[in-house]
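J.: Pasting a structure here, questions to come.
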Amino acid sequence: MQVIVDMAKCVGAGACVLTAPDVFDQNEDDGKVIVMISSPDEARRAEVVESCNVCPTMALSIQD
Amino acid sequence: MTEIINCPVAHEREVRQFPFDRPGCPMEPSGTYAELRSTEPVSKISLRLNGREAWLLTRFEDIREMLSDPRFSADMTNPGYPLQFEFPMELIGKVKPALLHMDPPEHTKNRMMLMPELTVKKVASLTPRTEEVVDECIDNILELGKDGTPVDLVEHLAMPVPAIGMAEMMDIAHEEKELFTRWVTLLVTQGDGEEHADLNMRVEMLLYKLIAERSVNPGDDLISTLTQRNIKAGKPLDDSEVSALVRAMIAAGHESTVNGIAIGCMVLLNHPEQAQLLRDKPELSGPAVDEILRYSSISDHGTVRVATEDVVIGGQLIKAGEGVVCSLSAGNHDPAVYDNPNTLDLTRKEARHSLAFGYGRHMCAGQTLVRMQLQTVFTKLFTRIPTIKQAVPLEELPFKSFYQALIDGLHALPVTF
């Protein structure tokens, strides 16, 4: 599982960080997403899927 | 079921007056939403305020689709924009737009300057102090009501928690706190126009002064870090834009948080078994906030856009220049997404991705902060005062007028314990 980010779409809402705090963080300069674990293990699938779902600008996706 | 649903032939579209009447329990979403969602999910409305016509979206997926489509604009100067609050028409286009009314690239430039102030980490650093403030408010409530006198949760909890939080985030000096508190209180209670204009002017002067001072002598407050970030980036925003950004954050964040606390407490007071669940299972304190926000959807119809091109949403052609109003409450009660949507269920997992904070590039910038404040308030209030109950029946509570207010709220919420 690979986490894909479209930085142009990210608006720094932080919804992914709240949902999967080990996988995502936010940049201190603009609040945009930082992917901490780009290939999370299967155990984290549910929270990563939910992070994609809560992202208000569909900036996140998963590639298997 | 009404005659509209039963009408068998293609008919002239009914244009309904909006907002709809909401009879019965003030917590129940308007029945018209449920009806429209299944029969005419994109329907024509006429705004009671000014007679402007617009399309109303009532399905969760249609709302998400529209709010993430760049062909819809948030520009209130567009004549088709479904303006739902009183605004002097002669000023439209002359005053700088608030963040809420900007489109990219302006919106991106402003929002990205503000967002570092509201990240998950930043909010986590504010949590211990928020807990202290909430505890102090509850100590005061316990004292005021110890002889059985009803205590108003709006005055003694819902208003002070965000007001103190905001003043401390901005590091407003003691001597300026009174002006600041009067201003934020006025944002919540309305008040006469002259007082409003006067206070607005004085707060603007105060913000200019703080921006100028903290450009030179920065502290670690929000105004300082925002100003410093702007300087470091080569000043993409001038001082008036920085001031507007701070004011927009306060104006958008304060009243909605006050109302969110008041309505959320009311929801829990009227669902004692759910409040008990919150006491028994501390791990539900986060999910509880998501579900209360979904269930109450206090900011129902303030999320509006105007089409800049012809776009089809939910099978309906929306022409360039036509306005669209989202009912976030209707979307949050869409049975396609939420089973038994009118039931409050703090264990509901899908509440995490509700529309309570909007969706798309304008999704509430302060949602992490608001979530933290609500979580602290609900958990502490119902744990520390387990015998708390509403002092008057639900139908006697003074609700803010939902024809005028864009966000549901209460003028008072008396409780005993």
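The way I read the labels, and the way they are meant: chains A, B, ... in the order of the structure tokens, residue 1 as the first residue of every chain, and ligand 1 as the first ligand shown, with later ones counted on from there.
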Per residue of chain A within 12 Å of chain B, note the shortest atom pair and the distance in Å to one decimal, counting only C-alpha atoms, and order the rows by chain and increasing residue number, as JSON lines.

T.:
{"residue": "A:Ala8", "atom": "CA", "partner": "B:Thr108", "partner_atom": "CA", "distance": 9.8}
{"residue": "A:Lys9", "atom": "CA", "partner": "B:Arg361", "partner_atom": "CA", "distance": 8.1}
{"residue": "A:Cys10", "atom": "CA", "partner": "B:Arg361", "partner_atom": "CA", "distance": 8.1}
{"residue": "A:Val11", "atom": "CA", "partner": "B:Arg361", "partner_atom": "CA", "distance": 6.0}
{"residue": "A:Gly12", "atom": "CA", "partner": "B:Met115", "partner_atom": "CA", "distance": 6.2}
{"residue": "A:Ala13", "atom": "CA", "partner": "B:Ala365", "partner_atom": "CA", "distance": 6.0}
{"residue": "A:Gly14", "atom": "CA", "partner": "B:Thr119", "partner_atom": "CA", "distance": 6.3}
{"residue": "A:Ala15", "atom": "CA", "partner": "B:Thr368", "partner_atom": "CA", "distance": 7.8}
{"residue": "A:Cys16", "atom": "CA", "partner": "B:Val120", "partner_atom": "CA", "distance": 9.8}
{"residue": "A:Val17", "atom": "CA", "partner": "B:Val120", "partner_atom": "CA", "distance": 6.8}
{"residue": "A:Leu18", "atom": "CA", "partner": "B:Val120", "partner_atom": "CA", "distance": 6.9}
{"residue": "A:Thr19", "atom": "CA", "partner": "B:Arg352", "partner_atom": "CA", "distance": 8.5}
{"residue": "A:Ala20", "atom": "CA", "partner": "B:Val120", "partner_atom": "CA", "distance": 11.4}
{"residue": "A:Pro21", "atom": "CA", "partner": "B:Val120", "partner_atom": "CA", "distance": 9.0}
{"residue": "A:Phe24", "atom": "CA", "partner": "B:Val120", "partner_atom": "CA", "distance": 10.4}
{"residue": "A:Asp25", "atom": "CA", "partner": "B:Val120", "partner_atom": "CA", "distance": 8.1}
{"residue": "A:Gln26", "atom": "CA", "partner": "B:Thr119", "partner_atom": "CA", "distance": 6.6}
{"residue": "A:Asn27", "atom": "CA", "partner": "B:Pro116", "partner_atom": "CA", "distance": 7.4}
{"residue": "A:Glu28", "atom": "CA", "partner": "B:Pro116", "partner_atom": "CA", "distance": 5.4}
{"residue": "A:Asp29", "atom": "CA", "partner": "B:Pro116", "partner_atom": "CA", "distance": 6.2}
{"residue": "A:Asp30", "atom": "CA", "partner": "B:Met112", "partner_atom": "CA", "distance": 4.9}
{"residue": "A:Gly31", "atom": "CA", "partner": "B:Pro116", "partner_atom": "CA", "distance": 4.5}
{"residue": "A:Lys32", "atom": "CA", "partner": "B:Met112", "partner_atom": "CA", "distance": 7.9}
{"residue": "A:Val33", "atom": "CA", "partner": "B:Thr119", "partner_atom": "CA", "distance": 10.0}
{"residue": "A:Ile34", "atom": "CA", "partner": "B:Thr119", "partner_atom": "CA", "distance": 11.9}
{"residue": "A:Ala46", "atom": "CA", "partner": "B:Lys349", "partner_atom": "CA", "distance": 11.5}
{"residue": "A:Glu47", "atom": "CA", "partner": "B:Arg352", "partner_atom": "CA", "distance": 11.1}
{"residue": "A:Val49", "atom": "CA", "partner": "B:His353", "partner_atom": "CA", "distance": 11.5}
{"residue": "A:Glu50", "atom": "CA", "partner": "B:His353", "partner_atom": "CA", "distance": 8.0}
{"residue": "A:Ser51", "atom": "CA", "partner": "B:His353", "partner_atom": "CA", "distance": 9.1}
{"residue": "A:Cys52", "atom": "CA", "partner": "B:His353", "partner_atom": "CA", "distance": 10.0}
{"residue": "A:Asn53", "atom": "CA", "partner": "B:His353", "partner_atom": "CA", "distance": 6.9}
{"residue": "A:Val54", "atom": "CA", "partner": "B:His353", "partner_atom": "CA", "distance": 5.1}
{"residue": "A:Cys55", "atom": "CA", "partner": "B:Gly360", "partner_atom": "CA", "distance": 8.3}
{"residue": "A:Pro56", "atom": "CA", "partner": "B:Gly360", "partner_atom": "CA", "distance": 4.5}
{"residue": "A:Thr57", "atom": "CA", "partner": "B:Gly360", "partner_atom": "CA", "distance": 4.9}
{"residue": "A:Met58", "atom": "CA", "partner": "B:Ser68", "partner_atom": "CA", "distance": 8.1}
{"residue": "A:Ala59", "atom": "CA", "partner": "B:Gly360", "partner_atom": "CA", "distance": 10.2}

J.: Pick out each residue of segment 214-347 of chain B that DSSP on the backbone tags as helix (DSSP H, G or I); I need them as a PDB file with N, CA and C atoms, in the first residue's frame.

T.:
ATOM      1  N   ARG B 214       4.136  43.712  16.736  1.00  0.00           N
ATOM      2  CA  ARG B 214       4.701  42.353  16.729  1.00  0.00           C
ATOM      3  C   ARG B 214       5.489  42.036  15.448  1.00  0.00           C
ATOM      4  N   SER B 215       5.408  42.961  14.474  1.00  0.00           N
ATOM      5  CA  SER B 215       6.299  42.832  13.312  1.00  0.00           C
ATOM      6  C   SER B 215       7.726  43.078  13.789  1.00  0.00           C
ATOM      7  N   VAL B 216       7.852  43.963  14.763  1.00  0.00           N
ATOM      8  CA  VAL B 216       9.169  44.355  15.268  1.00  0.00           C
ATOM      9  C   VAL B 216       9.575  43.524  16.492  1.00  0.00           C
ATOM     10  N   LEU B 222      -0.370  34.037  18.226  1.00  0.00           N
ATOM     11  CA  LEU B 222      -0.806  33.833  16.835  1.00  0.00           C
ATOM     12  C   LEU B 222      -0.503  35.044  15.934  1.00  0.00           C
ATOM     13  N   ILE B 223      -0.781  36.248  16.455  1.00  0.00           N
ATOM     14  CA  ILE B 223      -0.551  37.437  15.623  1.00  0.00           C
ATOM     15  C   ILE B 223       0.941  37.581  15.298  1.00  0.00           C
ATOM     16  N   SER B 224       1.800  37.304  16.300  1.00  0.00           N
ATOM     17  CA  SER B 224       3.247  37.384  16.071  1.00  0.00           C
ATOM     18  C   SER B 224       3.708  36.367  15.044  1.00  0.00           C
ATOM     19  N   THR B 225       3.335  35.108  15.226  1.00  0.00           N
ATOM     20  CA  THR B 225       3.850  34.078  14.313  1.00  0.00           C
ATOM     21  C   THR B 225       3.298  34.268  12.904  1.00  0.00           C
ATOM     22  N   LEU B 226       2.037  34.699  12.824  1.00  0.00           N
ATOM     23  CA  LEU B 226       1.437  34.962  11.511  1.00  0.00           C
ATOM     24  C   LEU B 226       2.172  36.118  10.816  1.00  0.00           C
ATOM     25  N   THR B 227       2.388  37.189  11.572  1.00  0.00           N
ATOM     26  CA  THR B 227       3.083  38.361  11.021  1.00  0.00           C
ATOM     27  C   THR B 227       4.507  38.000  10.591  1.00  0.00           C
ATOM     28  N   GLN B 228       5.209  37.243  11.438  1.00  0.00           N
ATOM     29  CA  GLN B 228       6.585  36.845  11.116  1.00  0.00           C
ATOM     30  C   GLN B 228       6.628  35.934   9.889  1.00  0.00           C
ATOM     31  N   ARG B 229       5.677  35.025   9.786  1.00  0.00           N
ATOM     32  CA  ARG B 229       5.644  34.118   8.631  1.00  0.00           C
ATOM     33  C   ARG B 229       5.449  34.921   7.352  1.00  0.00           C
ATOM     34  N   ASN B 230       4.582  35.918   7.442  1.00  0.00           N
ATOM     35  CA  ASN B 230       4.306  36.770   6.294  1.00  0.00           C
ATOM     36  C   ASN B 230       5.552  37.559   5.884  1.00  0.00           C
ATOM     37  N   ILE B 231       6.263  38.085   6.879  1.00  0.00           N
ATOM     38  CA  ILE B 231       7.481  38.845   6.591  1.00  0.00           C
ATOM     39  C   ILE B 231       8.522  37.930   5.944  1.00  0.00           C
ATOM     40  N   LYS B 232       8.664  36.744   6.533  1.00  0.00           N
ATOM     41  CA  LYS B 232       9.657  35.778   6.032  1.00  0.00           C
ATOM     42  C   LYS B 232       9.363  35.383   4.579  1.00  0.00           C
ATOM     43  N   ASP B 239      -0.623  44.566   5.627  1.00  0.00           N
ATOM     44  CA  ASP B 239      -1.128  44.533   7.005  1.00  0.00           C
ATOM     45  C   ASP B 239      -2.655  44.447   7.072  1.00  0.00           C
ATOM     46  N   SER B 240      -3.319  45.083   6.107  1.00  0.00           N
ATOM     47  CA  SER B 240      -4.784  45.030   6.146  1.00  0.00           C
ATOM     48  C   SER B 240      -5.274  43.606   5.872  1.00  0.00           C
ATOM     49  N   GLU B 241      -4.516  42.865   5.045  1.00  0.00           N
ATOM     50  CA  GLU B 241      -4.905  41.481   4.770  1.00  0.00           C
ATOM     51  C   GLU B 241      -4.634  40.574   5.974  1.00  0.00           C
ATOM     52  N   VAL B 242      -3.540  40.848   6.677  1.00  0.00           N
ATOM     53  CA  VAL B 242      -3.245  40.069   7.887  1.00  0.00           C
ATOM     54  C   VAL B 242      -4.339  40.333   8.924  1.00  0.00           C
ATOM     55  N   SER B 243      -4.688  41.611   9.075  1.00  0.00           N
ATOM     56  CA  SER B 243      -5.740  41.976  10.019  1.00  0.00           C
ATOM     57  C   SER B 243      -7.065  41.313   9.629  1.00  0.00           C
ATOM     58  N   ALA B 244      -7.385  41.325   8.347  1.00  0.00           N
ATOM     59  CA  ALA B 244      -8.638  40.715   7.879  1.00  0.00           C
ATOM     60  C   ALA B 244      -8.653  39.212   8.162  1.00  0.00           C
ATOM     61  N   LEU B 245      -7.487  38.593   8.014  1.00  0.00           N
ATOM     62  CA  LEU B 245      -7.375  37.152   8.241  1.00  0.00           C
ATOM     63  C   LEU B 245      -7.640  36.824   9.717  1.00  0.00           C
ATOM     64  N   VAL B 246      -7.071  37.635  10.603  1.00  0.00           N
ATOM     65  CA  VAL B 246      -7.267  37.423  12.043  1.00  0.00           C
ATOM     66  C   VAL B 246      -8.734  37.661  12.403  1.00  0.00           C
ATOM     67  N   ARG B 247      -9.299  38.748  11.865  1.00  0.00           N
ATOM     68  CA  ARG B 247     -10.704  39.029  12.169  1.00  0.00           C
ATOM     69  C   ARG B 247     -11.620  37.944  11.620  1.00  0.00           C
ATOM     70  N   ALA B 248     -11.297  37.460  10.414  1.00  0.00           N
ATOM     71  CA  ALA B 248     -12.126  36.404   9.819  1.00  0.00           C
ATOM     72  C   ALA B 248     -12.095  35.158  10.690  1.00  0.00           C
ATOM     73  N   MET B 249     -10.907  34.869  11.222  1.00  0.00           N
ATOM     74  CA  MET B 249     -10.776  33.684  12.058  1.00  0.00           C
ATOM     75  C   MET B 249     -11.619  33.832  13.327  1.00  0.00           C
ATOM     76  N   ILE B 250     -11.589  35.009  13.927  1.00  0.00           N
ATOM     77  CA  ILE B 250     -12.358  35.220  15.151  1.00  0.00           C
ATOM     78  C   ILE B 250     -13.855  35.201  14.842  1.00  0.00           C
ATOM     79  N   ALA B 251     -14.231  35.934  13.784  1.00  0.00           N
ATOM     80  CA  ALA B 251     -15.654  36.034  13.462  1.00  0.00           C
ATOM     81  C   ALA B 251     -16.224  34.674  13.074  1.00  0.00           C
ATOM     82  N   ALA B 252     -15.461  33.910  12.276  1.00  0.00           N
ATOM     83  CA  ALA B 252     -15.969  32.609  11.842  1.00  0.00           C
ATOM     84  C   ALA B 252     -15.904  31.599  12.973  1.00  0.00           C
ATOM     85  N   GLY B 253     -14.892  31.754  13.828  1.00  0.00           N
ATOM     86  CA  GLY B 253     -14.675  30.729  14.840  1.00  0.00           C
ATOM     87  C   GLY B 253     -15.414  30.934  16.132  1.00  0.00           C
ATOM     88  N   HIS B 254     -15.648  32.170  16.518  1.00  0.00           N
ATOM     89  CA  HIS B 254     -16.181  32.389  17.858  1.00  0.00           C
ATOM     90  C   HIS B 254     -17.639  31.996  18.000  1.00  0.00           C
ATOM     91  N   GLU B 255     -18.492  32.607  17.190  1.00  0.00           N
ATOM     92  CA  GLU B 255     -19.920  32.329  17.356  1.00  0.00           C
ATOM     93  C   GLU B 255     -20.237  30.848  17.134  1.00  0.00           C
ATOM     94  N   SER B 256     -19.594  30.257  16.115  1.00  0.00           N
ATOM     95  CA  SER B 256     -19.899  28.858  15.829  1.00  0.00           C
ATOM     96  C   SER B 256     -19.474  27.956  16.991  1.00  0.00           C
ATOM     97  N   THR B 257     -18.375  28.320  17.660  1.00  0.00           N
ATOM     98  CA  THR B 257     -17.933  27.496  18.792  1.00  0.00           C
ATOM     99  C   THR B 257     -18.860  27.671  19.993  1.00  0.00           C
ATOM    100  N   VAL B 258     -19.253  28.930  20.258  1.00  0.00           N
ATOM    101  CA  VAL B 258     -20.205  29.179  21.351  1.00  0.00           C
ATOM    102  C   VAL B 258     -21.471  28.344  21.107  1.00  0.00           C
ATOM    103  N   ASN B 259     -21.990  28.438  19.899  1.00  0.00           N
ATOM    104  CA  ASN B 259     -23.224  27.701  19.585  1.00  0.00           C
ATOM    105  C   ASN B 259     -23.005  26.193  19.614  1.00  0.00           C
ATOM    106  N   GLY B 260     -21.839  25.755  19.153  1.00  0.00           N
ATOM    107  CA  GLY B 260     -21.530  24.324  19.151  1.00  0.00           C
ATOM    108  C   GLY B 260     -21.479  23.759  20.561  1.00  0.00           C
ATOM    109  N   ILE B 261     -20.918  24.537  21.486  1.00  0.00           N
ATOM    110  CA  ILE B 261     -20.863  24.085  22.878  1.00  0.00           C
ATOM    111  C   ILE B 261     -22.288  24.038  23.450  1.00  0.00           C
ATOM    112  N   ALA B 262     -23.046  25.130  23.234  1.00  0.00           N
ATOM    113  CA  ALA B 262     -24.397  25.212  23.806  1.00  0.00           C
ATOM    114  C   ALA B 262     -25.300  24.107  23.262  1.00  0.00           C
ATOM    115  N   ILE B 263     -25.326  23.972  21.941  1.00  0.00           N
ATOM    116  CA  ILE B 263     -26.212  22.966  21.334  1.00  0.00           C
ATOM    117  C   ILE B 263     -25.727  21.554  21.684  1.00  0.00           C
ATOM    118  N   GLY B 264     -24.426  21.354  21.693  1.00  0.00           N
ATOM    119  CA  GLY B 264     -23.881  20.040  22.031  1.00  0.00           C
ATOM    120  C   GLY B 264     -24.240  19.626  23.452  1.00  0.00           C
ATOM    121  N   CYS B 265     -24.126  20.566  24.403  1.00  0.00           N
ATOM    122  CA  CYS B 265     -24.515  20.266  25.789  1.00  0.00           C
ATOM    123  C   CYS B 265     -25.997  19.944  25.840  1.00  0.00           C
ATOM    124  N   MET B 266     -26.798  20.718  25.099  1.00  0.00           N
ATOM    125  CA  MET B 266     -28.239  20.475  25.080  1.00  0.00           C
ATOM    126  C   MET B 266     -28.556  19.079  24.526  1.00  0.00           C
ATOM    127  N   VAL B 267     -27.864  18.697  23.465  1.00  0.00           N
ATOM    128  CA  VAL B 267     -28.082  17.369  22.869  1.00  0.00           C
ATOM    129  C   VAL B 267     -27.781  16.276  23.905  1.00  0.00           C
ATOM    130  N   LEU B 268     -26.676  16.414  24.615  1.00  0.00           N
ATOM    131  CA  LEU B 268     -26.315  15.394  25.609  1.00  0.00           C
ATOM    132  C   LEU B 268     -27.286  15.407  26.793  1.00  0.00           C
ATOM    133  N   LEU B 269     -27.727  16.603  27.209  1.00  0.00           N
ATOM    134  CA  LEU B 269     -28.691  16.687  28.320  1.00  0.00           C
ATOM    135  C   LEU B 269     -29.990  15.979  27.966  1.00  0.00           C
ATOM    136  N   PRO B 272     -29.713  11.293  27.954  1.00  0.00           N
ATOM    137  CA  PRO B 272     -28.951  10.902  29.157  1.00  0.00           C
ATOM    138  C   PRO B 272     -28.217   9.570  29.003  1.00  0.00           C
ATOM    139  N   GLU B 273     -28.772   8.647  28.213  1.00  0.00           N
ATOM    140  CA  GLU B 273     -28.091   7.342  28.063  1.00  0.00           C
ATOM    141  C   GLU B 273     -26.799   7.500  27.262  1.00  0.00           C
ATOM    142  N   GLN B 274     -26.798   8.439  26.304  1.00  0.00           N
ATOM    143  CA  GLN B 274     -25.580   8.703  25.531  1.00  0.00           C
ATOM    144  C   GLN B 274     -24.560   9.449  26.398  1.00  0.00           C
ATOM    145  N   ALA B 275     -25.057  10.363  27.248  1.00  0.00           N
ATOM    146  CA  ALA B 275     -24.150  11.078  28.162  1.00  0.00           C
ATOM    147  C   ALA B 275     -23.498  10.077  29.116  1.00  0.00           C
ATOM    148  N   GLN B 276     -24.259   9.074  29.522  1.00  0.00           N
ATOM    149  CA  GLN B 276     -23.709   8.036  30.410  1.00  0.00           C
ATOM    150  C   GLN B 276     -22.612   7.242  29.693  1.00  0.00           C
ATOM    151  N   LEU B 277     -22.846   6.977  28.413  1.00  0.00           N
ATOM    152  CA  LEU B 277     -21.872   6.260  27.592  1.00  0.00           C
ATOM    153  C   LEU B 277     -20.549   7.039  27.550  1.00  0.00           C
ATOM    154  N   LEU B 278     -20.678   8.359  27.447  1.00  0.00           N
ATOM    155  CA  LEU B 278     -19.505   9.236  27.411  1.00  0.00           C
ATOM    156  C   LEU B 278     -18.729   9.143  28.735  1.00  0.00           C
ATOM    157  N   ARG B 279     -19.498   9.033  29.860  1.00  0.00           N
ATOM    158  CA  ARG B 279     -18.846   8.903  31.183  1.00  0.00           C
ATOM    159  C   ARG B 279     -18.165   7.544  31.328  1.00  0.00           C
ATOM    160  N   ASP B 280     -18.853   6.509  30.829  1.00  0.00           N
ATOM    161  CA  ASP B 280     -18.342   5.138  31.016  1.00  0.00           C
ATOM    162  C   ASP B 280     -17.168   4.821  30.109  1.00  0.00           C
ATOM    163  N   PRO B 282     -14.295   6.668  28.212  1.00  0.00           N
ATOM    164  CA  PRO B 282     -13.526   7.869  27.853  1.00  0.00           C
ATOM    165  C   PRO B 282     -13.019   7.825  26.414  1.00  0.00           C
ATOM    166  N   GLU B 283     -12.831   6.621  25.871  1.00  0.00           N
ATOM    167  CA  GLU B 283     -12.318   6.526  24.498  1.00  0.00           C
ATOM    168  C   GLU B 283     -13.332   7.061  23.478  1.00  0.00           C
ATOM    169  N   LEU B 284     -14.568   7.274  23.919  1.00  0.00           N
ATOM    170  CA  LEU B 284     -15.585   7.822  23.004  1.00  0.00           C
ATOM    171  C   LEU B 284     -15.569   9.343  22.957  1.00  0.00           C
ATOM    172  N   SER B 285     -14.705   9.989  23.751  1.00  0.00           N
ATOM    173  CA  SER B 285     -14.791  11.448  23.840  1.00  0.00           C
ATOM    174  C   SER B 285     -14.524  12.127  22.487  1.00  0.00           C
ATOM    175  N   GLY B 286     -13.628  11.571  21.678  1.00  0.00           N
ATOM    176  CA  GLY B 286     -13.379  12.121  20.338  1.00  0.00           C
ATOM    177  C   GLY B 286     -14.518  11.820  19.374  1.00  0.00           C
ATOM    178  N   PRO B 287     -14.850  10.509  19.197  1.00  0.00           N
ATOM    179  CA  PRO B 287     -15.969  10.161  18.313  1.00  0.00           C
ATOM    180  C   PRO B 287     -17.290  10.842  18.728  1.00  0.00           C
ATOM    181  N   ALA B 288     -17.478  11.074  20.029  1.00  0.00           N
ATOM    182  CA  ALA B 288     -18.710  11.722  20.497  1.00  0.00           C
ATOM    183  C   ALA B 288     -18.852  13.103  19.874  1.00  0.00           C
ATOM    184  N   VAL B 289     -17.736  13.830  19.790  1.00  0.00           N
ATOM    185  CA  VAL B 289     -17.781  15.172  19.210  1.00  0.00           C
ATOM    186  C   VAL B 289     -18.198  15.089  17.736  1.00  0.00           C
ATOM    187  N   ASP B 290     -17.611  14.143  17.010  1.00  0.00           N
ATOM    188  CA  ASP B 290     -17.962  13.994  15.593  1.00  0.00           C
ATOM    189  C   ASP B 290     -19.457  13.713  15.431  1.00  0.00           C
ATOM    190  N   GLU B 291     -19.986  12.832  16.278  1.00  0.00           N
ATOM    191  CA  GLU B 291     -21.401  12.462  16.148  1.00  0.00           C
ATOM    192  C   GLU B 291     -22.327  13.609  16.579  1.00  0.00           C
ATOM    193  N   ILE B 292     -21.952  14.317  17.626  1.00  0.00           N
ATOM    194  CA  ILE B 292     -22.776  15.456  18.060  1.00  0.00           C
ATOM    195  C   ILE B 292     -22.784  16.534  16.970  1.00  0.00           C
ATOM    196  N   LEU B 293     -21.622  16.739  16.353  1.00  0.00           N
ATOM    197  CA  LEU B 293     -21.540  17.723  15.263  1.00  0.00           C
ATOM    198  C   LEU B 293     -22.401  17.286  14.076  1.00  0.00           C
ATOM    199  N   ARG B 294     -22.348  16.006  13.750  1.00  0.00           N
ATOM    200  CA  ARG B 294     -23.161  15.493  12.637  1.00  0.00           C
ATOM    201  C   ARG B 294     -24.645  15.611  12.967  1.00  0.00           C
ATOM    202  N   TYR B 295     -25.002  15.120  14.136  1.00  0.00           N
ATOM    203  CA  TYR B 295     -26.401  15.069  14.547  1.00  0.00           C
ATOM    204  C   TYR B 295     -27.016  16.470  14.613  1.00  0.00           C
ATOM    205  N   SER B 296     -26.289  17.412  15.201  1.00  0.00           N
ATOM    206  CA  SER B 296     -26.883  18.747  15.376  1.00  0.00           C
ATOM    207  C   SER B 296     -26.682  19.623  14.137  1.00  0.00           C
ATOM    208  N   LEU B 328     -26.152  21.257   4.864  1.00  0.00           N
ATOM    209  CA  LEU B 328     -25.222  20.304   5.478  1.00  0.00           C
ATOM    210  C   LEU B 328     -25.973  19.377   6.426  1.00  0.00           C
ATOM    211  N   SER B 329     -27.060  19.890   7.001  1.00  0.00           N
ATOM    212  CA  SER B 329     -27.885  19.041   7.864  1.00  0.00           C
ATOM    213  C   SER B 329     -28.521  17.920   7.051  1.00  0.00           C
ATOM    214  N   ALA B 330     -29.072  18.265   5.882  1.00  0.00           N
ATOM    215  CA  ALA B 330     -29.678  17.241   5.026  1.00  0.00           C
ATOM    216  C   ALA B 330     -28.628  16.208   4.616  1.00  0.00           C
ATOM    217  N   GLY B 331     -27.431  16.670   4.234  1.00  0.00           N
ATOM    218  CA  GLY B 331     -26.356  15.758   3.858  1.00  0.00           C
ATOM    219  C   GLY B 331     -25.932  14.871   5.021  1.00  0.00           C
ATOM    220  N   ASN B 332     -25.877  15.456   6.203  1.00  0.00           N
ATOM    221  CA  ASN B 332     -25.456  14.706   7.387  1.00  0.00           C
ATOM    222  C   ASN B 332     -26.531  13.751   7.897  1.00  0.00           C
TER     223      ASN B 332
END

J.: Check segment 1-55 of chain A with DSSP on the backbone and list each residue it calls strand (DSSP E or B), as a list of chain:residue names.

T.: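 Of segment 1-55 of chain A, only A:Gln2, A:Val3, A:Ile4, A:Val5, A:Phe24, A:Asp25, A:Gln26, A:Val33, A:Ile34, A:Val35 fall in strand (DSSP E or B).
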
J.: Quick one: everything within 9 Å of segment 163-180 of chain B, counting only C-alpha atoms, minus sequence neighbours fewer than 2 positions away in the same chain. Send it as an mmCIF file with C-alpha atoms, in the first residue's frame.

T.:
data_model
loop_
_atom_site.group_PDB
_atom_site.id
_atom_site.type_symbol
_atom_site.label_atom_id
_atom_site.label_comp_id
_atom_site.auth_asym_id
_atom_site.auth_seq_id
_atom_site.Cartn_x
_atom_site.Cartn_y
_atom_site.Cartn_z
ATOM 1 C CA LEU B 126 -3.217 24.479 23.593
ATOM 2 C CA ARG B 129 -4.593 25.399 29.082
ATOM 3 C CA THR B 130 -8.049 24.738 27.605
ATOM 4 C CA VAL B 133 -10.098 27.131 31.604
ATOM 5 C CA ALA B 158 -20.144 28.279 26.068
ATOM 6 C CA MET B 159 -19.156 31.962 25.826
ATOM 7 C CA PRO B 160 -16.068 32.141 28.068
ATOM 8 C CA VAL B 161 -14.230 29.016 26.833
ATOM 9 C CA ARG B 182 -17.223 43.103 24.255
ATOM 10 C CA TRP B 183 -16.526 42.688 20.579
ATOM 11 C CA VAL B 184 -16.670 38.882 20.546
ATOM 12 C CA THR B 185 -19.776 38.977 22.757
ATOM 13 C CA LEU B 199 -16.506 48.218 18.126
ATOM 14 C CA ARG B 202 -11.812 49.902 17.505
ATOM 15 C CA VAL B 203 -10.919 46.222 17.127
ATOM 16 C CA LEU B 206 -6.237 47.311 17.943
ATOM 17 C CA LEU B 210 -0.676 44.615 17.427
ATOM 18 C CA GLY B 219 6.146 37.021 20.907
ATOM 19 C CA ASP B 220 4.906 33.460 20.484
ATOM 20 C CA ASP B 221 1.220 34.346 20.021
ATOM 21 C CA LEU B 222 -0.806 33.833 16.835
ATOM 22 C CA ILE B 223 -0.551 37.437 15.623
ATOM 23 C CA SER B 224 3.247 37.384 16.071
ATOM 24 C CA ILE B 250 -12.358 35.220 15.151
ATOM 25 C CA HIS B 254 -16.181 32.389 17.858
ATOM 26 C CA VAL B 258 -20.205 29.179 21.351
#

J.: I'd like the interatomic distance between atom CA of Pro19 of chain B and atom CA of Lys319 of chain B, to a tenth of an Å.

T.: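 Answer for the atom CA of Pro19 of chain B to atom CA of Lys319 of chain B separation: 22.2 Å.
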
J.: Just the number, please: distance in Å from atom CA of Asn78 of chain B to atom CA of Gly323 of chain B, one decimal.

T.: 9.2 Å
